[in-house]
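Containing compact mmCIF, C-alpha atoms and all ligand atoms: work.txt.
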# COMPACT_ATOMS: atom_id res chain seq x y z
CA MET A 1 0.00 0.00 0.00
CA ASN A 2 1.17 3.50 -0.71
CA ALA A 3 1.58 5.74 2.33
CA PRO A 4 -0.36 8.99 2.04
CA VAL A 5 1.90 11.82 0.93
CA ALA A 6 2.28 14.53 3.57
CA GLY A 7 0.51 17.66 2.46
CA SER A 8 -1.70 15.76 0.02
CA PRO A 9 -5.46 16.13 0.44
CA ILE A 10 -5.54 12.64 1.99
CA ALA A 11 -3.39 13.37 5.04
CA GLY A 12 -5.56 14.77 7.83
CA SER A 13 -8.44 15.55 5.51
CA GLU A 14 -11.71 17.07 6.69
CA LEU A 15 -13.45 13.92 5.53
CA ASP A 16 -11.24 11.68 7.68
CA ALA A 17 -11.72 13.92 10.69
CA ARG A 18 -15.49 13.72 10.31
CA LEU A 19 -15.42 9.96 9.77
CA ASN A 20 -13.13 9.40 12.75
CA ARG A 21 -15.51 11.35 15.01
CA GLU A 22 -18.38 9.15 13.87
CA LEU A 23 -16.32 5.96 14.28
CA GLU A 24 -15.42 7.02 17.82
CA ARG A 25 -19.08 7.56 18.61
CA LEU A 26 -19.92 4.04 17.35
CA ARG A 27 -17.12 2.53 19.46
CA ALA A 28 -18.33 4.31 22.59
CA ALA A 29 -21.89 3.02 22.01
CA ASP A 30 -20.80 -0.62 21.46
CA LEU A 31 -22.03 -0.32 17.87
CA TYR A 32 -18.69 -0.65 16.09
CA ARG A 33 -18.68 -3.51 13.58
CA GLN A 34 -15.80 -5.61 12.37
CA ARG A 35 -15.31 -8.48 9.98
CA ARG A 36 -13.67 -11.76 10.89
CA VAL A 37 -11.72 -13.70 8.30
CA ILE A 38 -12.82 -17.29 7.61
CA ASP A 39 -10.18 -19.63 6.29
CA GLY A 40 -11.47 -22.47 4.16
CA SER A 41 -15.09 -23.37 3.58
CA HIS A 42 -18.12 -21.72 5.15
CA GLY A 43 -19.62 -24.84 6.67
CA VAL A 44 -20.88 -25.38 10.21
CA ARG A 45 -17.32 -26.01 11.37
CA LEU A 46 -15.09 -23.20 10.41
CA THR A 47 -11.84 -21.51 11.24
CA VAL A 48 -12.10 -17.89 12.32
CA ALA A 49 -8.82 -15.99 12.65
CA GLY A 50 -7.06 -19.33 13.15
CA LYS A 51 -9.53 -20.58 15.78
CA PRO A 52 -11.78 -23.55 14.99
CA CYS A 53 -15.40 -23.07 16.04
CA VAL A 54 -18.96 -24.19 15.33
CA SER A 55 -20.95 -21.54 13.51
CA PHE A 56 -24.52 -20.70 14.46
CA CYS A 57 -24.76 -17.53 12.40
CA SER A 58 -24.84 -18.54 8.76
CA ASN A 59 -27.90 -18.40 6.48
CA ASP A 60 -26.67 -21.55 4.73
CA TYR A 61 -29.66 -23.37 6.25
CA LEU A 62 -29.19 -26.70 4.50
CA GLY A 63 -25.40 -26.88 4.48
CA LEU A 64 -25.32 -26.66 0.68
CA ALA A 65 -22.62 -23.94 0.57
CA SER A 66 -20.08 -26.64 1.33
CA ASP A 67 -21.82 -29.59 -0.36
CA PRO A 68 -19.29 -31.21 -2.72
CA ARG A 69 -21.97 -31.87 -5.37
CA VAL A 70 -22.85 -28.18 -5.59
CA ALA A 71 -19.17 -27.24 -5.74
CA GLU A 72 -18.60 -29.85 -8.45
CA ALA A 73 -21.42 -28.45 -10.59
CA GLY A 74 -19.85 -25.01 -10.24
CA ARG A 75 -16.39 -26.36 -11.03
CA ALA A 76 -17.56 -28.19 -14.14
CA ALA A 77 -19.28 -25.05 -15.46
CA LEU A 78 -16.22 -22.98 -14.60
CA ALA A 79 -14.06 -25.30 -16.66
CA ARG A 80 -16.50 -25.16 -19.58
CA VAL A 81 -17.52 -21.49 -19.54
CA GLY A 82 -14.79 -19.62 -17.68
CA THR A 83 -15.31 -17.07 -14.94
CA GLY A 84 -17.17 -14.00 -16.07
CA SER A 85 -20.26 -13.41 -18.20
CA GLY A 86 -18.54 -10.32 -19.58
CA ALA A 87 -21.57 -8.09 -20.00
CA ALA A 88 -25.08 -7.36 -18.85
CA ALA A 89 -27.61 -10.01 -19.85
CA LEU A 90 -29.24 -7.76 -22.49
CA ILE A 91 -25.89 -7.25 -24.22
CA SER A 92 -23.99 -10.53 -24.42
CA GLY A 93 -23.95 -11.81 -20.81
CA TYR A 94 -26.94 -14.17 -20.86
CA ASN A 95 -25.56 -17.71 -20.74
CA GLY A 96 -27.35 -21.04 -21.17
CA GLU A 97 -26.57 -21.70 -17.49
CA HIS A 98 -28.62 -18.63 -16.55
CA ALA A 99 -31.49 -19.71 -18.80
CA ARG A 100 -31.51 -23.26 -17.40
CA LEU A 101 -31.50 -21.98 -13.82
CA GLU A 102 -34.37 -19.58 -14.58
CA GLU A 103 -36.40 -22.45 -16.05
CA ALA A 104 -35.71 -24.72 -13.09
CA LEU A 105 -36.67 -21.98 -10.61
CA ALA A 106 -39.88 -21.13 -12.49
CA ASP A 107 -40.83 -24.80 -12.45
CA TYR A 108 -40.10 -25.15 -8.73
CA CYS A 109 -42.04 -21.98 -7.88
CA GLY A 110 -44.96 -22.87 -10.16
CA ARG A 111 -44.72 -19.47 -11.87
CA ALA A 112 -44.64 -18.53 -15.54
CA ARG A 113 -41.23 -16.85 -15.54
CA VAL A 114 -38.23 -15.99 -13.42
CA LEU A 115 -35.56 -13.30 -13.79
CA LEU A 116 -32.13 -13.76 -12.20
CA PHE A 117 -30.45 -10.86 -10.42
CA SER A 118 -26.90 -10.69 -9.07
CA SER A 119 -28.12 -10.23 -5.49
CA GLY A 120 -31.27 -9.90 -3.43
CA TRP A 121 -30.33 -6.31 -2.81
CA ALA A 122 -30.21 -5.63 -6.55
CA ALA A 123 -33.49 -7.48 -7.12
CA ASN A 124 -35.43 -5.46 -4.55
CA LEU A 125 -34.04 -2.10 -5.64
CA GLY A 126 -34.54 -2.81 -9.33
CA LEU A 127 -37.98 -4.30 -8.91
CA LEU A 128 -39.56 -1.64 -6.70
CA ARG A 129 -38.11 1.25 -8.68
CA ALA A 130 -39.32 -0.32 -11.95
CA LEU A 131 -42.87 -1.01 -10.76
CA PHE A 132 -43.67 2.10 -8.70
CA GLY A 133 -43.24 5.85 -9.01
CA LYS A 134 -44.11 9.06 -7.26
CA GLU A 135 -47.86 8.85 -7.86
CA ASP A 136 -47.95 5.48 -6.11
CA THR A 137 -48.07 4.13 -2.55
CA LEU A 138 -46.04 1.35 -0.96
CA ILE A 139 -47.31 -0.19 2.27
CA CYS A 140 -44.33 -1.71 4.06
CA ASP A 141 -43.98 -3.77 7.25
CA GLU A 142 -41.75 -1.90 9.68
CA LEU A 143 -39.39 -4.88 10.00
CA ASN A 144 -38.83 -5.35 6.28
CA HIS A 145 -35.29 -6.05 5.10
CA ALA A 146 -33.11 -2.99 4.44
CA SER A 147 -33.10 -3.68 0.69
CA LEU A 148 -36.92 -3.48 0.58
CA ILE A 149 -36.83 -0.23 2.54
CA ASP A 150 -34.24 1.29 0.22
CA GLY A 151 -35.99 -0.02 -2.90
CA ALA A 152 -39.32 1.45 -1.77
CA ARG A 153 -37.69 4.81 -1.01
CA LEU A 154 -35.79 4.82 -4.31
CA SER A 155 -39.04 4.28 -6.22
CA GLY A 156 -40.26 7.71 -5.09
CA ALA A 157 -43.63 6.26 -4.05
CA LEU A 158 -45.28 7.40 -0.83
CA TYR A 159 -43.77 5.17 1.86
CA VAL A 160 -46.32 3.97 4.40
CA ARG A 161 -44.69 2.11 7.26
CA VAL A 162 -47.10 -0.20 9.07
CA PRO A 163 -46.62 -1.93 12.45
CA HIS A 164 -45.05 -5.36 12.25
CA ALA A 165 -47.30 -8.26 11.16
CA ASP A 166 -50.41 -6.11 11.57
CA VAL A 167 -52.87 -7.14 8.85
CA ALA A 168 -55.53 -4.71 10.12
CA ALA A 169 -53.03 -1.84 9.81
CA VAL A 170 -52.32 -2.89 6.21
CA ASP A 171 -56.07 -2.89 5.55
CA ALA A 172 -56.42 0.64 6.95
CA ALA A 173 -53.40 1.84 4.96
CA LEU A 174 -54.99 0.36 1.82
CA SER A 175 -58.17 2.39 2.33
CA ASP A 176 -56.10 5.58 2.70
CA ALA A 177 -54.05 4.76 -0.37
CA GLN A 178 -57.15 4.08 -2.47
CA GLY A 179 -58.37 7.56 -1.59
CA ARG A 180 -55.14 9.03 -2.95
CA GLY A 181 -55.15 7.14 -6.27
CA GLY A 182 -52.13 5.71 -8.10
CA GLU A 183 -50.82 2.16 -7.94
CA ILE A 184 -50.55 0.43 -4.56
CA GLY A 185 -48.00 -2.16 -3.48
CA ILE A 186 -47.91 -4.17 -0.27
CA VAL A 187 -44.32 -5.13 0.50
CA SER A 188 -43.28 -7.73 3.06
CA ASP A 189 -40.60 -10.20 4.01
CA SER A 190 -42.00 -13.71 4.20
CA ILE A 191 -39.83 -14.74 7.16
CA PHE A 192 -38.44 -11.72 8.97
CA SER A 193 -34.67 -11.90 8.98
CA MET A 194 -34.03 -10.69 12.53
CA ASP A 195 -37.09 -12.06 14.36
CA GLY A 196 -37.65 -15.31 12.49
CA ASP A 197 -41.44 -14.95 12.43
CA GLU A 198 -43.58 -15.39 9.35
CA ALA A 199 -45.85 -12.91 7.59
CA ASP A 200 -49.45 -13.94 6.96
CA VAL A 201 -48.98 -14.00 3.19
CA PRO A 202 -52.43 -15.45 2.33
CA ALA A 203 -54.14 -12.69 4.38
CA LEU A 204 -52.02 -9.98 2.74
CA ASN A 205 -52.80 -11.51 -0.62
CA ARG A 206 -56.55 -11.41 0.00
CA LEU A 207 -56.30 -7.74 0.96
CA ALA A 208 -54.20 -7.00 -2.12
CA ARG A 209 -56.60 -8.69 -4.51
CA ARG A 210 -59.66 -7.11 -2.94
CA SER A 211 -58.22 -3.62 -3.35
CA GLY A 212 -56.39 -3.99 -6.66
CA ALA A 213 -52.98 -3.68 -5.00
CA SER A 214 -49.95 -5.83 -5.86
CA LEU A 215 -48.30 -7.98 -3.21
CA ILE A 216 -44.50 -8.22 -3.23
CA VAL A 217 -43.09 -10.94 -0.97
CA ASP A 218 -39.39 -11.40 -0.25
CA ASP A 219 -38.86 -15.05 0.72
CA ALA A 220 -35.06 -14.93 1.22
CA HIS A 221 -35.26 -16.94 4.46
CA GLY A 222 -38.10 -19.27 3.51
CA PHE A 223 -36.98 -20.40 0.06
CA GLY A 224 -35.43 -23.87 0.31
CA VAL A 225 -36.16 -24.03 4.03
CA LEU A 226 -39.94 -24.37 3.93
CA PRO A 227 -41.90 -26.35 1.30
CA SER A 228 -41.72 -24.91 -2.23
CA PRO A 229 -43.53 -21.63 -2.92
CA ALA A 230 -45.83 -23.57 -5.26
CA LEU A 231 -47.01 -25.64 -2.29
CA ARG A 232 -47.04 -22.87 0.29
CA TYR A 233 -48.86 -20.37 -1.92
CA PRO A 234 -51.00 -22.45 -4.30
CA GLY A 235 -53.26 -20.93 -6.94
CA ALA A 236 -54.76 -17.61 -5.91
CA ASP A 237 -52.59 -17.56 -2.76
CA ALA A 238 -49.49 -16.86 -4.84
CA PRO A 239 -48.14 -13.33 -4.31
CA GLU A 240 -48.08 -11.47 -7.61
CA VAL A 241 -44.39 -10.71 -7.20
CA TYR A 242 -42.19 -13.26 -5.45
CA VAL A 243 -38.53 -12.62 -4.64
CA ALA A 244 -36.03 -15.09 -3.20
CA THR A 245 -32.27 -15.29 -2.93
CA LEU A 246 -29.76 -17.95 -3.91
CA GLY A 247 -27.10 -17.06 -1.33
CA LYS A 248 -28.91 -18.50 1.69
CA SER A 249 -30.45 -22.00 1.59
CA LEU A 250 -29.06 -22.64 -1.91
CA GLY A 251 -25.52 -21.97 -0.75
CA ALA A 252 -24.75 -20.02 -3.93
CA SER A 253 -25.19 -16.33 -4.73
CA GLY A 254 -27.71 -14.10 -6.49
CA ALA A 255 -31.48 -13.78 -6.39
CA PHE A 256 -34.55 -14.00 -8.57
CA VAL A 257 -37.98 -12.52 -9.12
CA ALA A 258 -40.78 -14.92 -10.09
CA GLY A 259 -44.13 -13.98 -11.55
CA SER A 260 -46.10 -13.57 -14.75
CA GLU A 261 -44.78 -13.32 -18.27
CA ALA A 262 -45.68 -9.61 -18.31
CA LEU A 263 -43.90 -8.91 -15.01
CA ILE A 264 -40.64 -10.50 -16.15
CA GLU A 265 -40.74 -8.88 -19.60
CA PHE A 266 -41.36 -5.51 -17.96
CA LEU A 267 -38.42 -5.97 -15.57
CA ILE A 268 -36.20 -6.87 -18.52
CA GLN A 269 -37.06 -3.46 -19.98
CA ARG A 270 -37.02 -1.40 -16.81
CA ALA A 271 -35.19 -2.87 -13.79
CA ARG A 272 -32.09 -0.69 -13.75
CA THR A 273 -30.08 -2.89 -11.35
CA TRP A 274 -30.56 -5.70 -13.86
CA VAL A 275 -30.27 -3.80 -17.17
CA PHE A 276 -27.08 -1.98 -16.21
CA SER A 277 -25.29 -4.71 -14.27
CA THR A 278 -23.03 -7.53 -15.45
CA ALA A 279 -24.83 -10.88 -15.47
CA PRO A 280 -23.70 -13.18 -12.62
CA PRO A 281 -20.98 -15.76 -13.34
CA PRO A 282 -22.55 -18.69 -15.23
CA ALA A 283 -20.78 -21.14 -12.89
CA ILE A 284 -22.69 -19.71 -9.93
CA ALA A 285 -25.94 -20.34 -11.81
CA ALA A 286 -24.84 -23.94 -12.42
CA ALA A 287 -24.05 -24.37 -8.71
CA ALA A 288 -27.42 -22.91 -7.72
CA ARG A 289 -29.22 -25.25 -10.11
CA ALA A 290 -27.43 -28.25 -8.59
CA ALA A 291 -28.44 -27.04 -5.12
CA LEU A 292 -32.07 -26.70 -6.23
CA ALA A 293 -32.01 -30.24 -7.62
CA ILE A 294 -30.73 -31.51 -4.25
CA ILE A 295 -33.48 -29.65 -2.38
CA ARG A 296 -36.09 -31.23 -4.66
CA ALA A 297 -34.68 -34.75 -4.56
CA GLU A 298 -33.71 -34.93 -0.89
CA PRO A 299 -36.47 -33.66 1.44
CA GLU A 300 -34.52 -35.09 4.38
CA HIS A 301 -32.46 -31.89 4.68
CA GLN A 302 -35.54 -29.79 5.44
CA ALA A 303 -36.81 -32.48 7.82
CA ARG A 304 -33.49 -32.57 9.61
CA LEU A 305 -33.46 -28.78 9.94
CA ALA A 306 -36.93 -28.90 11.50
CA CYS A 307 -35.66 -31.46 14.06
CA ASN A 308 -32.68 -29.25 14.85
CA ILE A 309 -34.93 -26.24 15.43
CA ALA A 310 -37.13 -28.26 17.78
CA ARG A 311 -34.10 -29.59 19.67
CA PHE A 312 -32.67 -26.11 20.16
CA ARG A 313 -35.96 -24.68 21.43
CA ALA A 314 -36.55 -27.61 23.78
CA GLY A 315 -32.99 -27.29 25.11
CA ILE A 316 -33.30 -23.58 25.81
CA GLY A 317 -36.74 -24.11 27.34
CA ALA A 318 -35.28 -26.69 29.73
CA LEU A 319 -32.74 -24.18 31.06
CA GLY A 320 -35.46 -22.44 33.07
CA ASP A 321 -36.05 -18.71 33.14
CA GLN A 322 -33.09 -17.36 35.15
CA LEU A 323 -31.30 -16.50 31.92
CA PRO A 324 -29.69 -13.32 30.64
CA PHE A 325 -31.69 -13.60 27.43
CA GLU A 326 -35.17 -14.42 26.21
CA LEU A 327 -35.92 -16.83 23.36
CA MET A 328 -38.36 -15.33 20.87
CA ALA A 329 -41.31 -17.31 19.59
CA SER A 330 -40.10 -18.55 16.20
CA THR A 331 -40.56 -21.81 14.36
CA THR A 332 -38.00 -21.01 11.66
CA PRO A 333 -34.21 -21.56 11.63
CA ILE A 334 -33.82 -17.97 12.88
CA GLN A 335 -33.93 -18.25 16.68
CA PRO A 336 -33.19 -14.87 18.28
CA LEU A 337 -32.18 -14.62 21.94
CA ILE A 338 -33.10 -11.11 23.05
CA VAL A 339 -30.52 -9.56 25.35
CA GLY A 340 -31.49 -5.88 25.19
CA ASP A 341 -28.35 -3.80 25.60
CA ALA A 342 -25.82 -3.80 22.74
CA GLY A 343 -22.80 -4.15 25.07
CA ARG A 344 -24.36 -7.16 26.83
CA ALA A 345 -25.15 -8.82 23.51
CA MET A 346 -21.52 -8.35 22.48
CA ALA A 347 -20.29 -9.72 25.80
CA LEU A 348 -22.44 -12.83 25.43
CA SER A 349 -21.28 -13.34 21.86
CA ARG A 350 -17.63 -13.05 22.96
CA GLN A 351 -18.09 -15.55 25.79
CA LEU A 352 -19.68 -18.06 23.41
CA PHE A 353 -16.85 -17.57 20.95
CA GLU A 354 -14.31 -18.33 23.68
CA ARG A 355 -16.17 -21.59 24.19
CA GLY A 356 -15.99 -22.41 20.50
CA TYR A 357 -19.43 -21.25 19.34
CA TRP A 358 -19.90 -18.40 16.92
CA VAL A 359 -23.23 -16.59 17.27
CA ALA A 360 -23.50 -13.07 15.91
CA ALA A 361 -24.68 -10.24 18.14
CA ILE A 362 -27.18 -8.09 16.22
CA ARG A 363 -27.36 -4.47 17.32
CA PRO A 364 -28.98 -1.23 16.18
CA PRO A 365 -29.48 -0.02 13.53
CA THR A 366 -30.16 -3.55 12.26
CA VAL A 367 -32.69 -4.00 15.10
CA PRO A 368 -34.50 -1.37 17.22
CA ALA A 369 -32.60 0.11 20.19
CA GLY A 370 -32.99 -1.97 23.34
CA THR A 371 -33.57 -5.20 21.42
CA SER A 372 -29.97 -6.25 20.73
CA ARG A 373 -29.83 -9.97 20.42
CA LEU A 374 -27.92 -13.08 19.66
CA ARG A 375 -29.23 -14.29 16.34
CA VAL A 376 -28.87 -18.06 16.44
CA THR A 377 -29.41 -19.65 13.04
CA LEU A 378 -29.74 -23.39 12.73
CA SER A 379 -28.70 -25.56 9.83
CA ALA A 380 -29.56 -29.06 8.69
CA ALA A 381 -25.80 -29.63 8.87
CA HIS A 382 -25.61 -29.14 12.66
CA THR A 383 -25.30 -32.34 14.66
CA GLU A 384 -27.33 -32.93 17.82
CA ALA A 385 -24.08 -32.76 19.81
CA GLN A 386 -23.28 -29.33 18.39
CA ILE A 387 -26.73 -28.02 19.32
CA ASP A 388 -26.50 -29.47 22.83
CA GLY A 389 -23.01 -27.97 23.13
CA LEU A 390 -24.30 -24.52 22.24
CA ILE A 391 -27.06 -24.81 24.84
CA GLU A 392 -24.54 -25.84 27.52
CA ALA A 393 -22.30 -22.95 26.54
CA LEU A 394 -25.24 -20.52 26.76
CA ALA A 395 -26.11 -21.85 30.21
CA ALA A 396 -22.50 -21.31 31.33
CA CYS A 397 -22.19 -17.72 30.10
CA ARG A 398 -21.97 -14.97 32.70
CA LEU A 399 -23.25 -11.50 32.01
CA PRO A 400 -22.53 -8.31 33.92
CA ALA A 401 -25.51 -6.64 35.57
CA ILE A 402 -27.62 -4.40 33.36
CA GLY A 403 -26.19 -0.88 33.26
CA ALA A 404 -22.58 -1.96 33.97
CA GLY A 405 -21.64 -0.21 30.72
CA ALA A 406 -18.99 -1.22 28.23
CA VAL A 407 -17.68 -4.71 28.80
CA ALA A 408 -14.08 -5.70 28.34
C1 LIG D 501 -30.31 -11.44 2.62
C2 LIG D 501 -31.56 -10.74 2.22
C3 LIG D 501 -31.60 -9.95 1.08
C4 LIG D 501 -30.37 -9.61 0.30
O1 LIG D 501 -29.98 -10.65 -0.51
P1 LIG D 501 -28.48 -10.70 -1.03
O2 LIG D 501 -28.51 -11.68 -2.12
O3 LIG D 501 -27.66 -11.12 0.15
O4 LIG D 501 -28.15 -9.30 -1.48
C5 LIG D 501 -32.81 -9.43 0.68
N1 LIG D 501 -33.92 -9.64 1.39
C6 LIG D 501 -33.93 -10.37 2.54
C7 LIG D 501 -35.20 -10.57 3.29
C8 LIG D 501 -32.73 -10.93 2.99
O5 LIG D 501 -32.72 -11.62 4.12
Take the structure in the file and give it back as C-alpha cells.
Amino acid sequence: MNAPVAGSPIAGSELDARLNRELERLRAADLYRQRRVIDGSHGVRLTVAGKPCVSFCSNDYLGLASDPRVAEAGRAALARVGTGSGAAALISGYNGEHARLEEALADYCGRARVLLFSSGWAANLGLLRALFGKEDTLICDELNHASLIDGARLSGALYVRVPHADVAAVDAALSDAQGRGGEIGIVSDSIFSMDGDEADVPALNRLARRSGASLIVDDAHGFGVLPSPALRYPGADAPEVYVATLGKSLGASGAFVAGSEALIEFLIQRARTWVFSTAPPPAIAAAARAALAIIRAEPEHQARLACNIARFRAGIGALGDQLPFELMASTTPIQPLIVGDAGRAMALSRQLFERGYWVAAIRPPTVPAGTSRLRVTLSAAHTEAQIDGLIEALAACRLPAIGAGAVA
C-alpha cells in the first residue's frame, strides 16, 4: 500500500476527521462492527482468525454452501464457460446456465417466468423502482429487510410504514391509499430476517386482490427451508411478485424474481439494477441449479433442519427462566435470543466464541434500540451434539448486571 503523501489532500483531511468522530461515537456506544476472516469453507465447522469453532450464524440453512456436489457443478461449469459473463444479460452476458436456472426456478415456484439478479439487494431495488413511481403508494412492514426499505424509497412512491405483522393496519393503509389514487404495493418479508417470524402471506394476498394492489413478498429466508412456494402459496394464494435469494439456503449467490410473463418482460425493460449490471458468473448459476435439484430430490435436509430447530428450542426451554436472554417465539431456523443492551449482547457473543461457538450479536441499527440480540441460526448440517453444546455454553455464560456499561 502507498503511504499517504504529507501535504496531500488525503493526510488529515476534513473527511477523515469527520469519519473518525463518527467511528469514535460508534465505538463508545458498542455499535462498532468488524469483519472476521474465515479460512477455508463456510460450513458449520469453520476456522475464524485461526480458531476452529462451530458456527450458528450462517444463512446456509441446509449446508449446501459446502456440499461437494454443488461445488462440483460449479467447477464443471467454470471449466467449460470460464469465470465472467462479460456483459449485462441484455448485451452478451446471458448464458445457457442462466437460462436453465431460470427455467428450473420457475418450475419449482410454479410461476410462468423468473428473472435472475446478481443479489437480493439488486433485485429489490430494481424491482420496486421499476414497478412504482411518485404517484404510487407502498405499504411496508416496519421490520422489512433494508433492501426493501431502500428499494421502496428509491421508487419515489409514498412510503407507508405499518406496524409489524399487523394485517388490520395494512387494511387501513390500503383504504387511505385508495383515496389518494395511483398504484398500490404491499411489500413484506415472508420470514423476517431478525425475528424469524412469518408474515401472513395469504391474508395480505386477499387484501391486495380485494383492493387492486400488488403484493411483493421477499422469501429470502423461507426459500429452500420451507416447502416450495408452489405448495405454500397455491393458486390464488401466490403473491403477484415473489422474490427469493440464492445465497442463503441454496448456498450459492444471487437472487430472482418470479411472476407472470408480463412482469418479467417488464423488468427486462425497466429494472435498472438488472439492465445496467453484469450478469452473474454462469458457474454460480450452475451451482445454484445443482443445489435446487438436491433440495427437490432430498427432502430429508428440510426435515433434519426442522428437528434441529425443535431440539434447540426444547434445550433452551429446559434451562429455566433465570437467563440473561429471552428466546423469541419462532418456528424457523432464525432463533433470536433477546438480550437488550448492545454491550451485553456483544459480551455474550464473545463468551460463546471463547467456548468455541460463533453466534452473531445483532445491534442497532439492524434491530431497534434496546432489542440487541444473539441471532442463532440453525442448519440441517448441525449435529445434535453441536446443538447441545451450544445450549450448555449458553447456560454457562456470565453477564454483567444491566447498566454496567462497556464490557471488556
Ligand atoms: C439477505 C436478504 C436480502 C439480500 O440478498 P443478497 O442476495 O444477500 O443481497 C434481501 N432480502 C432479505 C429478506 C434478505 O434476508
Q. What is the distance, in Å and to one decimal place, between atom CA of Arg304 of chain A and atom CA of Gly247 of chain A?
A. 20.0 Å
How would you write, as an mmCIF file with C-alpha atoms, in the coordinates of the input, the set of residues no farther than 6 Å from ligand LIG 501 (chain D) when counting all atoms listed in the file?
data_model
loop_
_atom_site.group_PDB
_atom_site.id
_atom_site.type_symbol
_atom_site.label_atom_id
_atom_site.label_comp_id
_atom_site.auth_asym_id
_atom_site.auth_seq_id
_atom_site.Cartn_x
_atom_site.Cartn_y
_atom_site.Cartn_z
ATOM 1 C CA SER A 119 -28.120 -10.230 -5.490
ATOM 2 C CA GLY A 120 -31.270 -9.900 -3.430
ATOM 3 C CA TRP A 121 -30.330 -6.310 -2.810
ATOM 4 C CA HIS A 145 -35.290 -6.050 5.100
ATOM 5 C CA SER A 147 -33.100 -3.680 0.690
ATOM 6 C CA ASP A 189 -40.600 -10.200 4.010
ATOM 7 C CA SER A 193 -34.670 -11.900 8.980
ATOM 8 C CA ASP A 218 -39.390 -11.400 -0.250
ATOM 9 C CA ALA A 220 -35.060 -14.930 1.220
ATOM 10 C CA HIS A 221 -35.260 -16.940 4.460
ATOM 11 C CA THR A 245 -32.270 -15.290 -2.930
ATOM 12 C CA GLY A 247 -27.100 -17.060 -1.330
ATOM 13 C CA GLY A 254 -27.710 -14.100 -6.490
ATOM 14 C CA ALA A 255 -31.480 -13.780 -6.390
#
Pull the closest atom pair for each residue of segment 30-111 of chain A that gets at most 12 Å from segment 266-277 of chain A, along with the distance in Å to one decimal, counting all atoms listed in the file, ordering rows by chain and then ascending residue number, as a Markdown table.
| residue | atom | partner | partner_atom | distance |
| --- | --- | --- | --- | --- |
| A:Ser85 | CA | A:Ser277 | CA | 10.8 |
| A:Gly86 | CA | A:Ser277 | CA | 10.3 |
| A:Ala87 | CA | A:Ser277 | CA | 7.6 |
| A:Ala88 | CA | A:Ser277 | CA | 5.3 |
| A:Ala89 | CA | A:Val275 | CA | 7.3 |
| A:Leu90 | CA | A:Val275 | CA | 6.7 |
| A:Ile91 | CA | A:Val275 | CA | 9.0 |
| A:Ser92 | CA | A:Val275 | CA | 11.7 |
| A:Gly93 | CA | A:Ser277 | CA | 9.7 |
| A:Tyr94 | CA | A:Val275 | CA | 11.5 |
Q | Contacts of segment 39-41 of chain A at 12 Å (only C-alpha atoms; same-chain gap of 5+ positions) as a PyMOL selection string | A | chain A and resi 46-53+55+60+63-68+71+251
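Between atom CA of Ser188 of chain A and atom CA of Val114 of chain A there is a distance of 19.1 Å.
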Q: Would you mind listing what lies within 7 Å of Leu116 of chain A as a ChimeraX atom specification, with all atoms listed in the file counted and same-chain residues fewer than 3 positions away left out?
A: /A:102,255-257
Q: Up to 9 Å from (-39.5, -18.4, -6.2) in the file's coordinates: name the residues, counting all atoms listed in the file, as an MDAnalysis selection string.
A: chainID A and resid 105:106 108:111 114 219 223 228:230 242:245 256:259
